[in-house]
Structure formats: C-alpha cells, structure tokens
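Q: I'd like to ask some things about the structure below.
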Amino acid sequence: MRSGLDEDFHKRGFGDGLAELGHEDRDGWHLWQKGLERRVDSCMSAGFHGSRQDSARPFQPLAFLKSSSTLRPLPASGAQKRPFSLHFLMTPRVRFAPSPTGDLHVGGGRTALFNWLFARQTGGTFILRIEDTDGARNTEEAQRGIVKGLRWLGLDWDEGPEVGGPHGPYFQSQRKAIYDAYLAKLEAAGRVYTEENGAVRFKFSRTAITVHDLVCGDVTFAPTEEPDMTIRRPDGSYIFHFVNVVDDIEMRMTHVFRGEDHLSNTWKHIDLFHALGATPPTYAHIPLILNPDGSKMSKRDAGSAIEHSYIHEGFLPDAVFNYLAMLGWTPRADKEVLTREELAKLFNPADIHSANARFDLQKCQWFNAQFLRALSPEALLNASLPFLTSAGLVIGDEAMAAAAVYSVKEKVSLLKEIPAWVHYFFREDYPFETDVMEKLKAKPENANLLKAAQTALGQAAEWSESSVHGAIEAAAKDAGVKTGALMPLLRAALSGQSRGPNVATIAHLVGQESTLRRIDRTLSEALG
RNA sequence: GACCCCUUCGUCUAGCGGUUAGGACACAUCCCUUUCACGGAUGCGACACGGGUUCGAUUCCCGUAGGGGUCGCCA
C-alpha cells in the first residue's frame, strides 16, 4: 500500500537499507538520504534506542513510516547525520522459529509474543517456522505442544503450519532442496569446504562484524579465531545457523526478535547473510527469563512450561499474555492490566529492556486474578468447566452454575481453586470441615437456632437473595441473637465450610427446598 | 579460558545531570465486613563497589565485583 509519494520516494532510491536521519523536532522526523530530505508525519513504533557502546552512533532508530509529506533538497548546512537502517517502505515480516521440544517454554512463548506484538502493531506478518532439522530428537508430538501453547496464548500466525503461505513449507525438515541450492551459492563463492568425513564447513570472513541491535545497540565482534563453522553434517542434514539464515532470507524476514542467548552467535549469521549476498534483518535480542533465584530457567522449573504450568494450573491466556509481555518490556501506560490489543498498540521495541528478568509466579497469579474478576459469569463458568469436571462435579443448571462460580470469583486467583469453593452448590452430601463441625457442636443452642432459621426460611414466600437475607435477620432477631451469630451457623449448614460467598447468596442459588434439606441434614448428621 | 550482555526496594520496574528516587507484586498494620476475599488507607523497602568528568551524579566515562549468555557435526 504505497502512496504516490511513497512510490516517488522509492524510485529515488529510498529503499530499505541504510538511510540517514537528521533530527526529530516539532514537525516530525526529518530523514535525509541521497541529498534529499523527507519529512515524516507519523511513524509507527516511533522511538530511538541509545547505543551504549558507540557514542558516534548514539541512536538505533526504529521507525515504520505510515505516511509521508514533503520531499525537498537537503539543507546544505552541516547538520549532524546519524546512520541507521530502516525498512520504511516495507511491512515488517517477523517469525517465531522454535525447535519442537514438547511443551512450549515460557521463554519461547515470550519470544513469540514479542514478534506477534510487533507484527500486529505494524500491520506486518507473523510467521511460524518449525526448526526440526535434528531429526533424531524431534517428534510430531513435540511439535503439537508448541502449536497448542501458541494457540492457547492467542498468538495466531499468518504463515506457517496449519495455515500455509507463499514461502512454505514451514518445516525445515522439508526444505532440503532449498538448503542445497543455497549451499551451492556458497560453493560458487568459494566460502565452503568439505572435510574428509563429508561435513561441510563455512569459511568465516574473519573480519570485525557489528550487530546493530534494537535492544543492545551496536555490538562489535572482533575477527574470530574460532574454527570455521560446520553447516552440513556428513549425513547431508544441515545445522541451525545455516538453515536459520537461509530461511530468513527465503522468507523475507525484516526483523528478528529472539532471546539474548543468540546475540553471541549473531555475527556468524551476519557473515552468512553477506556471503549469500543478502542484507541481514534488523535484530532485537530480548532479555532472558530467569528463575526467582536468578538461575537459568529450564524445563523442570516452576512456571517454565505453558501447558504444564499454566493451562493445567488454571491460568487465563490473557493474564499470562499480559504478564509475559511485561517481563522485559514496560508499556508506556498508566496501568499494568492490559488487553492484548492494548499491548499491541503500545508495543515499542525501543522500550525493551536489556537486563534479564526473574520470573515471579505471585505476580503472574495477581494478573490472573485481575482477569478472572473481569470475566462475565458465563465466561467464568466456561473457563472453569474443565476444573469442575475433573473434580467430579456435575453441572445441571448452567445458569446456577455460572452464578455459583461468579460468586467466588474474587476469592481465587487460579481456576483450579474454584471447585473447592463451589462443590457444595452441586451436591448435598458435602463433607463438614473439622473446625466447622466443632463449631456447630460447641454450643447446645445451635440446633435450636438452626431450626428457627429453617422455619423462617421455610415460610418465605419469595426466594430472592434479599428476601432470604431478610428472613435470616428476622429469625435471628426473634431468637434474640445477632445476625452475625446466626450466619456462620447457616453457612456451616449450607456448605459445610466456614468461608464462602454471602450466606444469602448460597441459599438463593441452591433454592428453597435444598436449603431446608441441607439444614435437616446438618441437624441430623452434625448435631444429632 | 576467551568473547558478549547486564546491575535502582525481596521481585517486576519508572527515571534519561539537580527528584522528599515514583509505581506494581509480595509483606505488615488499619478501615470496610456474617466468613473468606475484594476494595480503600498507611507502612516497610533500592540506586553493587571504587575511581574519574562536573558546581552537582542513580543518570556520563573507566575499572572491580557479581549475575547471565556464547564459544557443537543442539536449536
């Protein structure tokens, strides 16, 4: 979608790649290139990231121009220019490229999330590519875990497995012919050699290579002394570094958001891009997620796996999405609880932190509690259904069930806690908790109090929450006790528990007949 | 061992040379209240250390220490 001006701009050579930036002022951004100045009205993702390393190149700008305005000769004055790379007539293409190792790891989930956020914000394309080059340890089952985790988080992809796309196949195990062709290019360029056993190595250029990173700034690596990199095994299968670069070229990636653990190897990738005559994408190496004690988070650690730690524990996708997005990035907003749409709108790679972050399960649960409370009764019931079912509860009346779970929503932070709070709504043979039983038996007059309440409730002509409440108050008054003395007894009788929603709410929801039966049962079983 | 990244309350963070160093989670106290919660209020609590630069450093520079990462025919 290029405007005429953009087209003109493009014709004059303002393509992707290196441009120069003048300055930012009230009029917007002034970009300078090839003797012309272009003023930019609006930018998506406006922002600059200061480079800590090289003060001569202090900014690594990030701009996706939406509209353009004037195009005029560059002023002759020697205003300072700052070089930067900019893909400004191109919609971004980003990808998440996991190797299928089973359950989606939170670190991977967040990497996918940042890519997704960026794509959704800029109107770009988000691609899922499965890096299953290591046939020995990759299984279809493992790949399903990744897909399930991404779908659960709501990270939909525009190209990739299950949805297809123009640059497929999206499994590296199916792209051998492409890699062979690229290997031929390297051979033609004299950049590879084959070892005696058949392994193929890539000849490093052994020059200094600078990574221009949106997060880390410019990072320069001195000419390497490492041995040349193997890119193909003797059995003909290819190595990660090579296929990763080839696919990023083939799939036209403009940006790569990935974990900081890749930063140290990025010079190798850039070397490959250059050897293949391609321009490297813009990189953004995002900080890692650490355990609460600062150690590296691995598969076995709490909170590390999407399905095991979140889906099964009763987290809501939106909450995990929100929490993960805030780990390593702070949106410029006056609140923390944000929807994925709001996060996508606010996302700015320039605001990504460069320091690793520790995982805090409590805060993640807090986010979950926030989203839980915002759910409608129907949505809450729907979300808790798997947990209610696995607790053996049978839902008869859905409206009642929805009201029941809704009545305890601010008492829990995880869906899996809900059954323990609502089980008595769905059955009348609930157990009496030990302390509840003791409390009931503590005073002989409790039985009479309950009987009085039962009589009053039995006589209620109307069965609304307020009428129930009124009947209980009246019964307490007649019996000469405070309402606050009767309520706990009734709560015990109706639920077998000492805590829960309002007593009147419970009675109202289970109905008049059940309420009376529950008191009968208490009288005979707990006080009999 | 070499190289790379990082360092503000316990945790996530705001800050971009001059602030009583702000917020959120957690924790504590109080209020609300039929319980448990929610909510509200208050409190606790941080610039890793040492040198510079500067009238002035949390902020800029250099070291040190500490944490993390990378150096695979894993991805």
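In the structure tokens, chains take letters A, B, ... by order of appearance, with residues numbered from 1 within each chain and ligands from 1 in the order shown.
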Could you list, as a list in words, every residue within 12 Å of B:C31, counting only C-alpha atoms (C1' of nucleotides) and ignoring same-chain residues fewer than 5 positions away?

A: G39, G40, A41 and U42 of chain B

Q: Let's have the selection written as a PDB file, in the first residue's frame, with N, CA and C atoms (P, O5', C5', C4', C3', O3' and C1' of nucleotides).

A:
```pdb
ATOM      1  P     G B  39      -8.320  -5.876  45.121  1.00  0.00           P
ATOM      2  O5'   G B  39      -9.205  -4.665  45.653  1.00  0.00           O
ATOM      3  C5'   G B  39     -10.183  -4.060  44.816  1.00  0.00           C
ATOM      4  C4'   G B  39     -10.932  -3.006  45.600  1.00  0.00           C
ATOM      5  C3'   G B  39     -10.056  -1.968  46.271  1.00  0.00           C
ATOM      6  O3'   G B  39      -9.694  -0.937  45.376  1.00  0.00           O
ATOM      7  C1'   G B  39     -11.636  -2.762  47.833  1.00  0.00           C
ATOM      8  P     G B  40      -8.291  -0.197  45.548  1.00  0.00           P
ATOM      9  O5'   G B  40      -8.522   0.694  46.849  1.00  0.00           O
ATOM     10  C5'   G B  40      -9.495   1.734  46.825  1.00  0.00           C
ATOM     11  C4'   G B  40      -9.575   2.373  48.198  1.00  0.00           C
ATOM     12  C3'   G B  40      -8.250   2.791  48.803  1.00  0.00           C
ATOM     13  O3'   G B  40      -7.789   4.027  48.302  1.00  0.00           O
ATOM     14  C1'   G B  40      -9.527   1.652  50.436  1.00  0.00           C
ATOM     15  P     A B  41      -6.228   4.341  48.251  1.00  0.00           P
ATOM     16  O5'   A B  41      -5.868   4.527  49.796  1.00  0.00           O
ATOM     17  C5'   A B  41      -6.399   5.624  50.518  1.00  0.00           C
ATOM     18  C4'   A B  41      -5.955   5.546  51.966  1.00  0.00           C
ATOM     19  C3'   A B  41      -4.452   5.423  52.178  1.00  0.00           C
ATOM     20  O3'   A B  41      -3.771   6.656  52.083  1.00  0.00           O
ATOM     21  C1'   A B  41      -5.582   3.862  53.547  1.00  0.00           C
ATOM     22  P     U B  42      -2.262   6.699  51.561  1.00  0.00           P
ATOM     23  O5'   U B  42      -1.449   6.130  52.814  1.00  0.00           O
ATOM     24  C5'   U B  42      -1.463   6.823  54.052  1.00  0.00           C
ATOM     25  C4'   U B  42      -0.888   5.961  55.140  1.00  0.00           C
ATOM     26  C3'   U B  42       0.524   5.440  54.907  1.00  0.00           C
ATOM     27  O3'   U B  42       1.516   6.406  55.200  1.00  0.00           O
ATOM     28  C1'   U B  42      -0.828   3.681  55.695  1.00  0.00           C
TER      29        U B  42
END
```

Q: Taking only C-alpha atoms (C1' of nucleotides) into account and nothing else, which residues of chain B lie no more than 12 Å away from chain A? Please answer as a PyMOL selection string.

A: chain B and resi 2-7+10-14+16+23-26+33-39+60-61+66-75

Q: Excluding A:Ala453 and any residue of its chain fewer than 3 positions from it, enumerate the residues within 6 Å of it, using only C-alpha atoms (C1' of nucleotides), and give them as a ChimeraX atom specification.

A: /A:450,456,475

Q: Go ahead and save the residues from that selection, with N, CA, C and O atoms, as a compact mmCIF listing (two decimals), in the first residue's frame.

A:
```
# COMPACT_ATOMS: atom_id res chain seq x y z
N LEU A 450 -30.68 -23.06 64.43
CA LEU A 450 -30.81 -23.51 63.04
C LEU A 450 -32.26 -23.87 62.73
O LEU A 450 -32.77 -23.58 61.64
N ALA A 456 -38.14 -20.11 59.52
CA ALA A 456 -38.33 -18.81 58.87
C ALA A 456 -38.12 -18.92 57.37
O ALA A 456 -38.87 -18.35 56.57
N ALA A 475 -35.24 -14.08 61.77
CA ALA A 475 -35.11 -15.27 62.63
C ALA A 475 -34.12 -15.00 63.76
O ALA A 475 -34.35 -15.40 64.91
```

Q: Which residues are near B:U8? Cut-off 8 Å, only C-alpha atoms (C1' of nucleotides), ignore same chain within fewer than 3 positions. Put them as a VMD selection string.

A: chain B and resid 46 to 47 58

Q: Give me a file of those residues, with C-alpha atoms (C1' of nucleotides), as a PDB file, in the first residue's frame.

A:
```pdb
ATOM      1  C1'   A B  46      16.652   0.213  46.415  1.00  0.00           C
ATOM      2  C1'   C B  47      20.469   3.382  43.059  1.00  0.00           C
ATOM      3  C1'   U B  58      21.187   6.841  40.280  1.00  0.00           C
TER       4        U B  58
END
```

Q: Please, what distance in Å, to one decimal, runs between atom C1' of B:G22 and atom CA of A:Glu341?

A: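 Interatomic distance here is 26.8 Å.
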
Q: Could you please determine the separation between atom CA of A:Pro431 and atom CA of A:Pro419 in Å, to one decimal place?

A: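 For atom CA of A:Pro431 relative to atom CA of A:Pro419, the distance reads 13.8 Å.
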
Q: Provide the atom CA of A:Leu388 to atom CA of A:Glu525 distance in Å, to one decimal place.

A: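 Between atom CA of A:Leu388 and atom CA of A:Glu525 the gap works out to 26.4 Å.
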